[in-house]
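Below is upload-v7.tsv, holding TSV, C-alpha atoms.
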```tsv
chain	number	residue	atom	x	y	z
H	1	MET	CA	122.52	80.82	96.46
H	2	ILE	CA	123.81	84.36	95.97
H	3	PRO	CA	126.66	85.40	98.32
H	4	LEU	CA	126.19	88.55	100.41
H	5	SER	CA	129.15	90.21	98.67
H	6	TRP	CA	127.23	90.55	95.40
H	7	PHE	CA	124.51	92.62	97.04
H	8	LEU	CA	127.04	94.77	98.88
H	9	ILE	CA	129.10	95.44	95.74
H	10	LEU	CA	125.95	96.28	93.75
H	11	SER	CA	124.76	98.73	96.39
H	12	ALA	CA	128.23	100.32	96.68
H	13	ALA	CA	128.23	100.85	92.91
H	14	LEU	CA	124.70	102.29	92.97
H	15	PHE	CA	125.73	104.63	95.80
H	16	SER	CA	128.76	105.83	93.84
H	17	ILE	CA	126.65	106.50	90.74
H	18	GLY	CA	124.20	108.49	92.87
H	19	LEU	CA	127.10	110.42	94.40
H	20	PHE	CA	128.38	111.26	90.92
H	21	GLY	CA	124.90	112.51	89.98
H	22	VAL	CA	124.62	114.68	93.10
H	23	LEU	CA	128.06	116.19	92.55
H	24	SER	CA	127.92	116.87	88.82
H	25	ARG	CA	124.36	117.63	87.72
H	26	LYS	CA	123.49	121.28	87.23
H	27	ASN	CA	119.72	120.97	87.53
H	28	ALA	CA	118.39	120.92	91.11
H	29	VAL	CA	115.75	118.29	90.25
H	30	ALA	CA	118.47	116.03	88.84
H	31	ILE	CA	120.46	116.42	92.08
H	32	LEU	CA	117.41	115.08	93.96
H	33	LEU	CA	117.31	112.13	91.52
H	34	GLY	CA	120.88	111.32	92.55
H	35	ILE	CA	119.90	111.42	96.24
H	36	GLU	CA	117.13	108.91	95.50
H	37	LEU	CA	119.69	106.52	94.00
H	38	MET	CA	121.85	106.79	97.13
H	39	LEU	CA	118.87	106.10	99.44
H	40	ASN	CA	117.99	103.03	97.38
H	41	ALA	CA	121.55	101.74	97.72
H	42	ALA	CA	121.24	102.08	101.51
H	43	ASN	CA	117.94	100.18	101.39
H	44	ILE	CA	119.48	97.27	99.45
H	45	ASN	CA	122.13	97.03	102.16
H	46	LEU	CA	119.59	97.07	105.00
H	47	VAL	CA	117.38	94.38	103.47
H	48	SER	CA	120.29	92.12	102.51
H	49	PHE	CA	121.74	92.32	106.03
H	50	TRP	CA	118.29	91.37	107.36
H	51	ARG	CA	118.13	88.35	105.03
H	52	TYR	CA	121.69	87.16	105.65
H	53	GLY	CA	121.48	87.67	109.39
H	54	ASP	CA	118.75	86.48	111.71
H	55	VAL	CA	115.45	86.64	109.78
H	56	SER	CA	113.42	86.66	113.00
H	57	GLN	CA	114.84	90.10	113.88
H	58	MET	CA	112.82	92.59	111.85
H	59	ALA	CA	115.03	95.65	112.50
H	60	GLY	CA	116.44	95.69	108.96
H	61	GLN	CA	113.07	95.78	107.25
H	62	VAL	CA	111.63	98.30	109.75
H	63	PHE	CA	114.59	100.59	109.12
H	64	ALA	CA	114.06	100.25	105.37
H	65	ILE	CA	110.42	101.34	105.85
H	66	ILE	CA	111.62	104.39	107.81
H	67	VAL	CA	114.01	105.17	104.95
H	68	PHE	CA	110.98	105.07	102.60
H	69	ALA	CA	109.16	107.61	104.78
H	70	VAL	CA	112.22	109.87	105.01
H	71	ALA	CA	112.75	109.66	101.23
H	72	ALA	CA	109.11	110.58	100.56
H	73	SER	CA	109.21	113.60	102.86
H	74	GLU	CA	112.62	114.68	101.54
H	75	VAL	CA	111.36	114.59	97.96
H	76	ALA	CA	108.16	116.48	98.85
H	77	VAL	CA	109.99	119.30	100.64
H	78	GLY	CA	112.87	119.36	98.14
H	79	LEU	CA	110.64	119.64	95.09
H	80	ALA	CA	108.50	122.29	96.82
H	81	LEU	CA	111.68	124.30	97.43
H	82	VAL	CA	112.75	123.87	93.79
H	83	ILE	CA	109.35	125.02	92.53
H	84	SER	CA	109.36	127.99	94.91
H	85	VAL	CA	112.85	129.03	93.76
H	86	TYR	CA	111.79	128.58	90.12
H	87	ARG	CA	108.87	130.94	90.70
H	88	ARG	CA	111.06	133.67	92.19
H	89	ARG	CA	114.28	133.35	90.19
H	90	ASN	CA	113.01	131.63	87.03
H	91	THR	CA	115.80	129.07	87.15
H	92	VAL	CA	116.47	125.63	88.60
H	93	ILE	CA	120.20	125.58	87.79
H	94	ALA	CA	121.99	125.13	91.11
H	95	ASP	CA	124.89	127.44	90.10
H	96	GLU	CA	122.52	130.33	89.39
H	97	ILE	CA	120.71	130.12	92.74
H	98	ASP	CA	123.16	132.39	94.56
H	99	LEU	CA	121.00	134.82	96.50
H	100	MET	CA	123.83	135.57	98.93
H	101	LYS	CA	125.75	137.25	96.09
H	102	TRP	CA	122.72	139.07	94.68
A	103	MET	CA	126.48	79.33	88.52
A	104	THR	CA	122.87	78.78	89.40
A	105	ALA	CA	119.86	80.26	87.62
A	106	MET	CA	119.34	82.60	90.59
A	107	GLN	CA	122.84	84.03	90.21
A	108	ILE	CA	122.37	84.64	86.48
A	109	PHE	CA	119.05	86.32	87.21
A	110	PHE	CA	120.75	88.50	89.87
A	111	LEU	CA	123.47	89.52	87.42
A	112	ILE	CA	120.91	90.54	84.78
A	113	VAL	CA	118.93	92.58	87.34
A	114	GLY	CA	122.13	94.17	88.65
A	115	LEU	CA	123.25	95.18	85.17
A	116	VAL	CA	119.81	96.71	84.49
A	117	ILE	CA	119.98	98.65	87.77
A	118	LEU	CA	123.49	100.00	87.19
A	119	GLY	CA	122.90	100.79	83.52
A	120	SER	CA	119.68	102.68	84.15
A	121	ALA	CA	121.26	104.47	87.13
A	122	LEU	CA	124.06	105.64	84.83
A	123	MET	CA	121.43	106.89	82.38
A	124	VAL	CA	119.70	108.76	85.26
A	125	VAL	CA	122.83	110.73	86.05
A	126	THR	CA	124.04	111.35	82.49
A	127	THR	CA	121.07	111.76	80.16
A	128	GLY	CA	120.33	115.28	78.97
A	129	ASN	CA	116.54	115.25	78.99
A	130	LEU	CA	115.20	115.33	82.55
A	131	ILE	CA	111.96	113.55	81.68
A	132	HIS	CA	114.07	110.68	80.36
A	133	ALA	CA	116.13	110.75	83.56
A	134	ALA	CA	112.95	110.38	85.64
A	135	LEU	CA	111.78	107.48	83.44
A	136	TRP	CA	115.18	105.76	83.80
A	137	LEU	CA	114.84	106.24	87.56
A	138	ILE	CA	111.63	104.19	87.37
A	139	VAL	CA	113.60	101.35	85.72
A	140	THR	CA	116.20	101.52	88.51
A	141	LEU	CA	113.54	101.49	91.24
A	142	PHE	CA	111.82	98.52	89.63
A	143	GLY	CA	115.11	96.65	89.57
A	144	VAL	CA	115.57	97.36	93.28
A	145	ALA	CA	112.04	96.02	93.88
A	146	VAL	CA	113.08	92.80	92.09
A	147	LEU	CA	116.12	92.59	94.39
A	148	PHE	CA	113.82	92.90	97.43
A	149	ALA	CA	111.75	90.02	96.04
A	150	ILE	CA	114.94	87.94	95.61
A	151	LEU	CA	115.75	88.70	99.26
A	152	ASN	CA	112.32	87.35	100.43
A	153	ALA	CA	111.23	90.85	101.54
A	154	SER	CA	107.91	90.67	99.69
A	155	PHE	CA	106.22	93.52	101.57
A	156	LEU	CA	109.11	95.88	100.84
A	157	ALA	CA	109.05	94.90	97.15
A	158	VAL	CA	105.38	95.91	96.92
A	159	VAL	CA	105.97	99.11	98.91
A	160	GLN	CA	108.90	99.94	96.63
A	161	VAL	CA	106.62	99.74	93.58
A	162	VAL	CA	103.69	101.57	95.19
A	163	VAL	CA	105.52	104.32	97.07
A	164	TYR	CA	108.69	104.86	95.06
A	165	ILE	CA	107.41	104.31	91.53
A	166	GLY	CA	103.80	105.28	92.15
A	167	ALA	CA	104.43	108.41	94.20
A	168	ILE	CA	108.02	109.63	94.22
A	169	ALA	CA	108.87	109.08	90.55
A	170	ILE	CA	105.55	110.62	89.48
A	171	LEU	CA	106.28	113.59	91.76
A	172	PHE	CA	109.61	114.02	89.97
A	173	ILE	CA	107.89	114.00	86.58
A	174	PHE	CA	105.43	116.65	87.81
A	175	ALA	CA	108.29	118.80	89.11
A	176	VAL	CA	110.15	118.53	85.81
A	177	MET	CA	107.03	119.58	83.96
A	178	LEU	CA	106.36	122.53	86.31
A	179	THR	CA	109.89	123.80	85.68
A	180	HIS	CA	109.65	122.91	82.04
A	181	LYS	CA	111.77	125.74	80.64
A	182	GLU	CA	114.83	123.83	81.78
A	183	MET	CA	113.63	120.60	80.19
A	184	ARG	CA	115.21	121.55	76.89
A	185	ASP	CA	118.86	120.99	77.55
A	186	ARG	CA	120.56	124.36	77.65
A	187	GLY	CA	124.09	123.26	76.88
A	188	PRO	CA	125.72	120.50	78.90
A	189	GLN	CA	123.80	119.10	81.85
A	190	LEU	CA	126.97	118.25	83.79
A	191	ASN	CA	129.08	120.96	85.37
A	192	ASN	CA	132.67	121.69	84.44
A	193	SER	CA	134.32	119.55	87.12
A	194	TRP	CA	132.47	116.33	86.22
A	195	TRP	CA	135.71	114.43	85.62
A	196	LEU	CA	136.86	115.31	89.15
A	197	ASN	CA	133.47	114.14	90.49
A	198	ALA	CA	133.83	110.89	88.53
A	199	ILE	CA	137.22	110.30	90.16
A	200	ILE	CA	135.72	111.03	93.60
A	201	SER	CA	132.89	108.56	92.95
A	202	LEU	CA	135.30	105.87	91.78
A	203	LEU	CA	137.45	106.44	94.86
A	204	THR	CA	134.35	106.12	97.05
A	205	PHE	CA	133.48	102.83	95.37
A	206	GLY	CA	137.06	101.61	95.72
A	207	GLY	CA	137.14	102.59	99.39
A	208	LEU	CA	133.84	100.87	100.11
A	209	PHE	CA	134.97	97.75	98.27
A	210	TRP	CA	138.32	97.67	100.10
A	211	MET	CA	136.59	98.13	103.46
A	212	LEU	CA	133.98	95.44	102.72
A	213	GLN	CA	136.38	92.80	101.44
A	214	SER	CA	138.47	93.07	104.59
A	215	TRP	CA	135.35	92.17	106.62
A	216	ASN	CA	135.18	88.43	107.36
A	217	GLY	CA	131.41	88.07	106.75
A	218	PHE	CA	131.79	89.38	103.19
A	219	SER	CA	131.17	86.19	101.22
A	220	LYS	CA	128.58	84.83	103.63
A	221	VAL	CA	125.83	82.69	102.11
A	222	ALA	CA	122.28	82.96	103.45
A	223	ALA	CA	120.66	80.14	105.32
A	224	ASP	CA	117.61	78.71	103.55
A	225	PHE	CA	114.53	80.79	104.16
A	226	PRO	CA	112.29	78.83	106.57
A	227	SER	CA	109.27	77.91	104.46
A	228	SER	CA	106.70	78.24	107.25
A	229	TYR	CA	108.05	81.62	108.40
A	230	ASP	CA	105.55	84.48	107.93
A	231	ALA	CA	107.88	87.44	107.38
A	232	VAL	CA	105.10	89.91	106.51
A	233	GLY	CA	103.14	89.05	109.65
A	234	GLN	CA	106.28	89.34	111.76
A	235	LEU	CA	107.01	92.73	110.21
A	236	GLY	CA	103.48	93.93	111.00
A	237	ASN	CA	103.78	92.72	114.58
A	238	ALA	CA	107.16	94.42	114.97
A	239	LEU	CA	105.79	97.71	113.63
A	240	ILE	CA	102.97	97.98	116.15
A	241	SER	CA	104.43	96.14	119.14
A	242	PRO	CA	105.37	98.42	122.07
A	243	ASP	CA	108.36	96.15	122.72
A	244	ALA	CA	109.66	96.71	119.22
A	245	PHE	CA	109.29	99.60	116.82
A	246	VAL	CA	106.00	101.39	117.50
A	247	LEU	CA	107.76	104.60	118.54
A	248	PRO	CA	109.97	104.97	115.42
A	249	PHE	CA	106.93	104.09	113.32
A	250	GLU	CA	104.84	106.88	114.86
A	251	VAL	CA	107.75	109.33	114.61
A	252	ALA	CA	107.98	108.48	110.90
A	253	SER	CA	104.29	109.25	110.41
A	254	VAL	CA	104.62	112.58	112.24
A	255	LEU	CA	107.64	113.36	110.04
A	256	LEU	CA	105.56	112.65	106.92
A	257	LEU	CA	102.76	114.91	108.14
A	258	ALA	CA	105.18	117.73	108.96
A	259	ALA	CA	106.90	117.36	105.59
A	260	LEU	CA	103.60	117.49	103.70
A	261	VAL	CA	102.42	120.59	105.59
A	262	GLY	CA	105.82	122.19	105.01
A	263	ALA	CA	105.78	121.33	101.30
A	264	VAL	CA	102.32	122.86	100.85
A	265	TYR	CA	103.40	125.99	102.74
A	266	ILE	CA	106.63	126.41	100.75
A	267	ALA	CA	105.11	125.82	97.34
A	268	PHE	CA	101.98	127.89	98.04
A	269	ASN	CA	102.01	131.16	96.13
A	270	PRO	CA	100.16	133.80	98.20
A	271	HIS	CA	99.83	136.49	95.52
A	272	SER	CA	98.70	134.51	92.52
A	273	GLY	CA	95.48	135.99	91.23
A	274	ASP	CA	95.33	133.75	88.19
A	275	SER	CA	96.45	130.17	88.29
A	276	ARG	CA	99.43	130.90	86.03
A	277	LYS	CA	102.63	132.06	87.73
```
Spit out the file's structure as structure tokens when you get a sec.
Amino acid sequence: MIPLSWFLILSAALFSIGLFGVLSRKNAVAILLGIELMLNAANINLVSFWRYGDVSQMAGQVFAIIVFAVAASEVAVGLALVISVYRRRNTVIADEIDLMKW
Amino acid sequence: MTAMQIFFLIVGLVILGSALMVVTTGNLIHAALWLIVTLFGVAVLFAILNASFLAVVQVVVYIGAIAILFIFAVMLTHKEMRDRGPQLNNSWWLNAIISLLTFGGLFWMLQSWNGFSKVAADFPSSYDAVGQLGNALISPDAFVLPFEVASVLLLAALVGAVYIAFNPHSGDSRK
């Protein structure tokens, strides 16, 4: 059987890769892709703690479902914002969206 | 090493490799397609963990809706799809160091926890996890309130997304 540590290390690595994507991509859509990776890492943790703890307590899986809902709404609003900014400023590069300096 | 562990290692390598491609590849359409590979790998992990409902939801919601939404967004902002110079900003090496430090910190914190190398008890073969999950989601003693709050959140987010992306003065459908 697989020890719990393998899942935790995998999700920590996935979280770090997502963090790198959020910090270093220029394109706003790519930053949202990095956030998706981080949310998936959190989900792996939640489900593996459910499986390695008491399987009759469903809190881990229920929380993972709520993370799904939050991720879906975050992507919908985030991409709508990106498309709206693209229409007004004709760019999706995060560095160039600096209306405060305009 | 059992067959399950080898299978886990293969899936983990696929997840991490495709996640690296998501954050480094120049073409955004390719990044979205690599994200689908990552999400599918996570669905396989859910199946390994006996969370069959979540594995199906991962494929249907994440791959079927969210990844497709990303591809649509990349196409709607398609001028940026051609890579205009480097896709990573100038301080990417600093961000790589920060990410590695985060991973190191998480690893250090986890390995000092005494449940770190815990092994799961055998999954009870007569246990109906999907049915239990459904009961927990609609039972007033359990999680019916968070469940309803999540659905209200989804509704609010969809209305908000339509309002934000709606273009009031667009006579023709272009621009």
Write out as CSV the residues of region 4-52 of chain H that have any atom within 12 Å of an atom of region 70-83 of chain H, one row each with the nearest atom pair and its distance in Å to one decimal, counting all atoms listed in the file, sorted by chain and then rising number.
```
residue,atom,partner,partner_atom,distance
H:Asn27,CA,H:Val82,CA,9.8
H:Ala28,CA,H:Val82,CA,6.9
H:Val29,CA,H:Leu79,CA,7.2
H:Ala30,CA,H:Leu79,CA,10.6
H:Ile31,CA,H:Gly78,CA,10.1
H:Leu32,CA,H:Val75,CA,7.3
H:Leu33,CA,H:Val75,CA,9.1
H:Gly34,CA,H:Val75,CA,11.4
H:Ile35,CA,H:Ala71,CA,8.9
H:Glu36,CA,H:Ala71,CA,7.3
H:Leu37,CA,H:Ala71,CA,10.5
H:Met38,CA,H:Ala71,CA,10.4
H:Leu39,CA,H:Ala71,CA,7.3
H:Asn40,CA,H:Ala71,CA,9.3
H:Ala42,CA,H:Ala71,CA,11.4
H:Asn43,CA,H:Ala71,CA,10.8
```
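Atom pair CA of Ala198 (chain A) / CA of Leu14 (chain H) has a distance of 13.3 Å (rounded to one decimal).
The list of chain H residues within 6 Å of chain A is Ile2, Pro3, Leu4, Ser5, Ala12, Ser16, Phe20, Gly21, Ser24, Arg25, Lys26, Tyr52, Ser73, Ala76, Val77, Ala80 and Ser84 of chain H; this uses all atoms listed in the file.
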Would you mind reading off the distance between CA of Ile112 (chain A) and CA of Met1 (chain H), one decimal, in Å?
15.3 Å
I need region 27-57 of chain H written out with N, CA, C and O atoms, as a compact mmCIF listing (two decimals), in the first residue's frame; please produce it.
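The result, stored in part.txt:
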```txt
# COMPACT_ATOMS: atom_id res chain seq x y z
N ASN H 27 1.19 36.36 -18.88
CA ASN H 27 -0.17 36.37 -19.40
C ASN H 27 -1.16 36.10 -18.28
O ASN H 27 -0.97 35.19 -17.47
N ALA H 28 -2.23 36.90 -18.20
CA ALA H 28 -3.18 36.76 -17.09
C ALA H 28 -3.88 35.41 -17.13
O ALA H 28 -4.16 34.82 -16.08
N VAL H 29 -4.16 34.88 -18.33
CA VAL H 29 -4.80 33.56 -18.42
C VAL H 29 -3.87 32.48 -17.86
O VAL H 29 -4.29 31.57 -17.15
N ALA H 30 -2.57 32.63 -18.13
CA ALA H 30 -1.61 31.63 -17.63
C ALA H 30 -1.49 31.70 -16.12
O ALA H 30 -1.26 30.68 -15.47
N ILE H 31 -1.68 32.90 -15.54
CA ILE H 31 -1.66 33.01 -14.07
C ILE H 31 -2.83 32.22 -13.49
O ILE H 31 -2.68 31.50 -12.49
N LEU H 32 -4.00 32.30 -14.14
CA LEU H 32 -5.15 31.50 -13.67
C LEU H 32 -4.88 30.01 -13.80
O LEU H 32 -5.32 29.22 -12.95
N LEU H 33 -4.13 29.60 -14.84
CA LEU H 33 -3.76 28.18 -14.96
C LEU H 33 -2.94 27.74 -13.76
O LEU H 33 -3.15 26.65 -13.21
N GLY H 34 -2.02 28.61 -13.30
CA GLY H 34 -1.23 28.27 -12.12
C GLY H 34 -2.09 28.13 -10.89
O GLY H 34 -1.88 27.24 -10.05
N ILE H 35 -3.11 29.00 -10.75
CA ILE H 35 -4.01 28.90 -9.59
C ILE H 35 -4.76 27.57 -9.61
O ILE H 35 -4.96 26.93 -8.57
N GLU H 36 -5.14 27.11 -10.82
CA GLU H 36 -5.81 25.81 -10.90
C GLU H 36 -4.93 24.69 -10.38
O GLU H 36 -5.38 23.79 -9.68
N LEU H 37 -3.63 24.75 -10.73
CA LEU H 37 -2.71 23.72 -10.24
C LEU H 37 -2.66 23.72 -8.72
O LEU H 37 -2.66 22.66 -8.08
N MET H 38 -2.63 24.92 -8.11
CA MET H 38 -2.55 24.99 -6.65
C MET H 38 -3.81 24.43 -6.01
O MET H 38 -3.75 23.71 -5.00
N LEU H 39 -4.99 24.73 -6.61
CA LEU H 39 -6.24 24.20 -6.04
C LEU H 39 -6.28 22.68 -6.14
O LEU H 39 -6.77 22.00 -5.23
N ASN H 40 -5.73 22.14 -7.24
CA ASN H 40 -5.71 20.68 -7.37
C ASN H 40 -4.81 20.05 -6.32
O ASN H 40 -5.12 18.97 -5.81
N ALA H 41 -3.68 20.71 -6.01
CA ALA H 41 -2.80 20.19 -4.97
C ALA H 41 -3.53 20.13 -3.64
O ALA H 41 -3.44 19.14 -2.90
N ALA H 42 -4.30 21.19 -3.34
CA ALA H 42 -5.07 21.19 -2.09
C ALA H 42 -6.08 20.04 -2.09
O ALA H 42 -6.27 19.37 -1.06
N ASN H 43 -6.70 19.78 -3.25
CA ASN H 43 -7.69 18.71 -3.32
C ASN H 43 -7.07 17.34 -3.07
O ASN H 43 -7.67 16.50 -2.41
N ILE H 44 -5.86 17.11 -3.63
CA ILE H 44 -5.19 15.83 -3.39
C ILE H 44 -4.97 15.63 -1.90
O ILE H 44 -5.23 14.56 -1.34
N ASN H 45 -4.55 16.72 -1.21
CA ASN H 45 -4.35 16.62 0.23
C ASN H 45 -5.64 16.26 0.95
O ASN H 45 -5.65 15.37 1.80
N LEU H 46 -6.74 16.96 0.60
CA LEU H 46 -8.01 16.73 1.30
C LEU H 46 -8.46 15.28 1.14
O LEU H 46 -8.83 14.62 2.12
N VAL H 47 -8.39 14.77 -0.10
CA VAL H 47 -8.90 13.42 -0.33
C VAL H 47 -7.99 12.38 0.32
O VAL H 47 -8.46 11.39 0.87
N SER H 48 -6.64 12.63 0.30
CA SER H 48 -5.79 11.61 0.91
C SER H 48 -5.94 11.62 2.42
O SER H 48 -5.89 10.56 3.05
N PHE H 49 -6.19 12.78 3.04
CA PHE H 49 -6.43 12.77 4.49
C PHE H 49 -7.75 12.06 4.81
O PHE H 49 -7.85 11.38 5.83
N TRP H 50 -8.75 12.20 3.92
CA TRP H 50 -10.00 11.45 4.12
C TRP H 50 -9.73 9.95 4.10
O TRP H 50 -10.16 9.20 4.97
N ARG H 51 -8.94 9.50 3.10
CA ARG H 51 -8.71 8.07 2.92
C ARG H 51 -7.86 7.49 4.04
O ARG H 51 -8.07 6.36 4.48
N TYR H 52 -6.86 8.25 4.51
CA TYR H 52 -5.95 7.72 5.51
C TYR H 52 -6.46 7.94 6.92
O TYR H 52 -5.90 7.43 7.87
N GLY H 53 -7.53 8.74 7.06
CA GLY H 53 -8.13 8.89 8.37
C GLY H 53 -9.30 7.94 8.52
O GLY H 53 -9.23 6.77 8.15
N ASP H 54 -10.41 8.47 9.03
CA ASP H 54 -11.60 7.67 9.24
C ASP H 54 -12.49 7.80 8.01
O ASP H 54 -13.02 8.87 7.74
N VAL H 55 -12.65 6.70 7.23
CA VAL H 55 -13.38 6.82 5.97
C VAL H 55 -14.87 7.03 6.19
O VAL H 55 -15.59 7.37 5.26
N SER H 56 -15.38 6.85 7.42
CA SER H 56 -16.80 7.08 7.61
C SER H 56 -17.11 8.56 7.85
O SER H 56 -18.27 8.94 7.84
N GLN H 57 -16.09 9.38 8.04
CA GLN H 57 -16.28 10.83 8.14
C GLN H 57 -16.08 11.43 6.76
O GLN H 57 -14.99 11.37 6.21
```
